[in-house]
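*Asks:* One structure, as structure tokens, below. Some questions next.
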Amino acid sequence: LIVFSFAANAQCTEIFFSEYSEGSFGNNKYMEIYNPSNAAIDLSAYSIVQIGNGGIYTNVFALYGSLASNDVFVFCADQADGAILALADTALGYPSIAHFTGDDCVMLLKGTDTIDQLGKRRVRENWVVGTGTAQNHTLVRKMSVEGPDTAWSSTAVMGWDVYASNTWSYIGSHN
């Protein structure tokens with residue numbers, strides 16, 4: 001019981017990707033980062049790297065500002081649907097990390113260390129995720145996931161709920 005008590009009180013202190021959406025019409029794309037900790041986190045120590053089409057190109061975006069406890073940071077393509085843009089913290093023009101497809105690896109870095117990722121580095125394939133794929137779907141991190149995961153091939157693929165393209169009802173918050 002004592003071991004369980006300590007485990008139940010443990011909380012993740014590291015941000016992670018909580019949502020990914022590749023919608024229709026080319027630009028309806030966004031990702032969300034969640035802060036599960038009990039304190040605000042300075043995002044200036046973090047960046048997002050996209051490795052496109054198996055390594056043909058890369059895009060990098062340095063995060064900025066502070067992310068409040070249990071809050072999210074949303075970035076999207078600057079020509080996304082108005083419903084996405086209304087909830088985005090930043091909208092990025094082409095080319096950028098927000099212009100991904102279901103075969104691009106996207107990584108969250110703290111300094112030079114990868115702490116979370118979606119997809120495999122330098123491999124071009126349509127990522128199988130849970131009951132679907134990353135392409136043309138919305139992925140929401142399961143509530144059972146308590147922190148970042150870089151083991152895409154073994155554990156991360158099962159850590160997402162998969163929804164149809166243009167499912168944006170979860171954007172802007174995470175549990």
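Residues are named by chain letter and number: chains run A, B, ... in the order of the structure tokens, numbers start at 1 in each chain, and ligands are numbered from 1 in the order shown.
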Could you list, with a cut-off of 10 Å and counting only C-alpha atoms, the residues of stretch 39-87 of chain A near stretch 18-33 of chain A, each shown with its nearest atom pair and the distance in Å rounded to one decimal, rows sorted by chain and ascending number, as a tab-separated table?
*Replies:*
```
residue	atom	partner	partner_atom	distance
A:Leu67	CA	A:Ile33	CA	9.2
A:Asp71	CA	A:Ile33	CA	8.5
A:Val72	CA	A:Ile33	CA	5.3
A:Phe73	CA	A:Ile33	CA	5.1
A:Val74	CA	A:Glu32	CA	4.4
A:Phe75	CA	A:Tyr30	CA	5.6
A:Cys76	CA	A:Tyr30	CA	4.1
A:Ala77	CA	A:Lys29	CA	5.9
A:Asp78	CA	A:Asn27	CA	7.7
A:Gln79	CA	A:Asn27	CA	5.7
A:Ala80	CA	A:Asn28	CA	4.4
A:Asp81	CA	A:Asn28	CA	5.9
A:Gly82	CA	A:Asn28	CA	9.4
A:Ala83	CA	A:Asn28	CA	9.8
A:Ile84	CA	A:Tyr30	CA	7.6
A:Leu85	CA	A:Tyr30	CA	9.2
```
*Asks:* Please report, as CSV, each residue of stretch 6-59 of chain A lying at most 8 Å from stretch 123-127 of chain A, together with the nearest pair of atoms and the separation in Å rounded to one decimal; use only C-alpha atoms, and order rows by chain and ascending residue number.
*Replies:*
```
residue,atom,partner,partner_atom,distance
A:Asn53,CA,A:Arg124,CA,5.4
A:Gly54,CA,A:Arg124,CA,4.2
A:Gly55,CA,A:Val123,CA,7.3
```
*Asks:* At a cut-off of 7 Å, using only C-alpha atoms, what residues contact A:Lys110? Leave out same-chain residues fewer than 3 positions from it and give the result as a VMD selection string.
*Replies:* chain A and resid 45 to 47 113 to 115
*Asks:* Write the residues of the preceding selection, restricted to C-alpha atoms, as an mmCIF file, in the first residue's frame.
*Replies:*
```
data_model
loop_
_atom_site.group_PDB
_atom_site.id
_atom_site.type_symbol
_atom_site.label_atom_id
_atom_site.label_comp_id
_atom_site.auth_asym_id
_atom_site.auth_seq_id
_atom_site.Cartn_x
_atom_site.Cartn_y
_atom_site.Cartn_z
ATOM 1 C CA ALA A 45 14.111 25.536 -23.401
ATOM 2 C CA TYR A 46 12.056 23.533 -25.938
ATOM 3 C CA SER A 47 11.797 23.234 -29.698
ATOM 4 C CA ASP A 113 17.337 15.803 -26.019
ATOM 5 C CA THR A 114 14.273 14.321 -27.726
ATOM 6 C CA ILE A 115 11.600 13.927 -25.056
#
```
*Asks:* As JSON, numbers by chain, please: the residues near stretch 142-159 of chain A (cut-off 8 Å, only C-alpha atoms, same-chain neighbours under 3 positions excluded).
*Replies:* {"A": [11, 12, 13, 14, 15, 16, 17, 36, 114, 115, 116, 117, 118, 119, 120, 128, 129, 130, 175]}
*Asks:* Apply DSSP to the backbone of this structure and, from chain A, keep only the residues in helix (DSSP H, G or I); write these as a list in words.
*Replies:*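 Result set for chain A (helix (DSSP H, G or I)): Ile2, Val3, Phe4, Ser5, Phe6, Ala7, Ala8, Asn9, Leu43, Ser44, Ala45, Gly82, Ala83, Ile84, Leu85, Ala156, Val157 and Met158 of chain A.
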*Asks:* Got time to write the residues from that selection, N, CA, C and O atoms, as a PDB file, in the first residue's frame?
*Replies:*
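Contents of selection_20.pdb, as written:
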```pdb
ATOM      1  N   ILE A   2       1.972   1.220   0.672  1.00  0.00           N
ATOM      2  CA  ILE A   2       2.835   2.394   0.702  1.00  0.00           C
ATOM      3  C   ILE A   2       3.389   2.674  -0.691  1.00  0.00           C
ATOM      4  O   ILE A   2       3.386   3.809  -1.137  1.00  0.00           O
ATOM      5  N   VAL A   3       3.807   1.636  -1.411  1.00  0.00           N
ATOM      6  CA  VAL A   3       4.319   1.819  -2.761  1.00  0.00           C
ATOM      7  C   VAL A   3       3.226   2.399  -3.657  1.00  0.00           C
ATOM      8  O   VAL A   3       3.440   3.325  -4.405  1.00  0.00           O
ATOM      9  N   PHE A   4       2.021   1.877  -3.550  1.00  0.00           N
ATOM     10  CA  PHE A   4       0.902   2.382  -4.344  1.00  0.00           C
ATOM     11  C   PHE A   4       0.624   3.835  -4.005  1.00  0.00           C
ATOM     12  O   PHE A   4       0.380   4.641  -4.888  1.00  0.00           O
ATOM     13  N   SER A   5       0.696   4.184  -2.751  1.00  0.00           N
ATOM     14  CA  SER A   5       0.439   5.552  -2.325  1.00  0.00           C
ATOM     15  C   SER A   5       1.419   6.533  -2.971  1.00  0.00           C
ATOM     16  O   SER A   5       1.027   7.576  -3.452  1.00  0.00           O
ATOM     17  N   PHE A   6       2.702   6.163  -3.005  1.00  0.00           N
ATOM     18  CA  PHE A   6       3.693   7.029  -3.639  1.00  0.00           C
ATOM     19  C   PHE A   6       3.450   7.126  -5.135  1.00  0.00           C
ATOM     20  O   PHE A   6       3.546   8.180  -5.720  1.00  0.00           O
ATOM     21  N   ALA A   7       3.131   6.008  -5.768  1.00  0.00           N
ATOM     22  CA  ALA A   7       2.895   6.004  -7.212  1.00  0.00           C
ATOM     23  C   ALA A   7       1.670   6.828  -7.566  1.00  0.00           C
ATOM     24  O   ALA A   7       1.639   7.525  -8.566  1.00  0.00           O
ATOM     25  N   ALA A   8       0.641   6.761  -6.753  1.00  0.00           N
ATOM     26  CA  ALA A   8      -0.586   7.498  -7.042  1.00  0.00           C
ATOM     27  C   ALA A   8      -0.358   9.000  -6.960  1.00  0.00           C
ATOM     28  O   ALA A   8      -1.029   9.770  -7.632  1.00  0.00           O
ATOM     29  N   ASN A   9       0.589   9.422  -6.134  1.00  0.00           N
ATOM     30  CA  ASN A   9       0.862  10.845  -5.990  1.00  0.00           C
ATOM     31  C   ASN A   9       1.905  11.361  -6.976  1.00  0.00           C
ATOM     32  O   ASN A   9       2.120  12.554  -7.065  1.00  0.00           O
ATOM     33  N   LEU A  43       8.852  27.645 -21.819  1.00  0.00           N
ATOM     34  CA  LEU A  43       8.955  26.933 -23.082  1.00  0.00           C
ATOM     35  C   LEU A  43      10.211  27.281 -23.876  1.00  0.00           C
ATOM     36  O   LEU A  43      10.522  26.611 -24.861  1.00  0.00           O
ATOM     37  N   SER A  44      10.955  28.288 -23.455  1.00  0.00           N
ATOM     38  CA  SER A  44      12.134  28.695 -24.225  1.00  0.00           C
ATOM     39  C   SER A  44      13.224  27.623 -24.254  1.00  0.00           C
ATOM     40  O   SER A  44      14.127  27.690 -25.095  1.00  0.00           O
ATOM     41  N   ALA A  45      13.142  26.631 -23.399  1.00  0.00           N
ATOM     42  CA  ALA A  45      14.111  25.536 -23.401  1.00  0.00           C
ATOM     43  C   ALA A  45      13.735  24.438 -24.401  1.00  0.00           C
ATOM     44  O   ALA A  45      14.471  23.477 -24.567  1.00  0.00           O
ATOM     45  N   GLY A  82     -10.953  28.432 -39.400  1.00  0.00           N
ATOM     46  CA  GLY A  82     -11.096  29.459 -38.371  1.00  0.00           C
ATOM     47  C   GLY A  82     -11.278  28.895 -36.980  1.00  0.00           C
ATOM     48  O   GLY A  82     -10.829  29.491 -35.995  1.00  0.00           O
ATOM     49  N   ALA A  83     -11.917  27.728 -36.851  1.00  0.00           N
ATOM     50  CA  ALA A  83     -12.106  27.104 -35.534  1.00  0.00           C
ATOM     51  C   ALA A  83     -10.772  26.695 -34.921  1.00  0.00           C
ATOM     52  O   ALA A  83     -10.582  26.782 -33.704  1.00  0.00           O
ATOM     53  N   ILE A  84      -9.837  26.268 -35.751  1.00  0.00           N
ATOM     54  CA  ILE A  84      -8.496  25.907 -35.280  1.00  0.00           C
ATOM     55  C   ILE A  84      -7.714  27.174 -34.943  1.00  0.00           C
ATOM     56  O   ILE A  84      -7.116  27.287 -33.874  1.00  0.00           O
ATOM     57  N   LEU A  85      -7.736  28.136 -35.852  1.00  0.00           N
ATOM     58  CA  LEU A  85      -6.998  29.385 -35.651  1.00  0.00           C
ATOM     59  C   LEU A  85      -7.433  30.106 -34.377  1.00  0.00           C
ATOM     60  O   LEU A  85      -6.609  30.716 -33.686  1.00  0.00           O
ATOM     61  N   ALA A 156       4.495   4.028 -27.919  1.00  0.00           N
ATOM     62  CA  ALA A 156       3.777   5.261 -28.243  1.00  0.00           C
ATOM     63  C   ALA A 156       2.611   5.044 -29.197  1.00  0.00           C
ATOM     64  O   ALA A 156       1.607   5.738 -29.109  1.00  0.00           O
ATOM     65  N   VAL A 157       2.713   4.079 -30.085  1.00  0.00           N
ATOM     66  CA  VAL A 157       1.644   3.884 -31.061  1.00  0.00           C
ATOM     67  C   VAL A 157       0.317   3.516 -30.405  1.00  0.00           C
ATOM     68  O   VAL A 157      -0.738   3.764 -30.976  1.00  0.00           O
ATOM     69  N   MET A 158       0.351   2.940 -29.234  1.00  0.00           N
ATOM     70  CA  MET A 158      -0.885   2.557 -28.548  1.00  0.00           C
ATOM     71  C   MET A 158      -1.355   3.626 -27.563  1.00  0.00           C
ATOM     72  O   MET A 158      -2.370   3.463 -26.915  1.00  0.00           O
TER      73      MET A 158
END
```
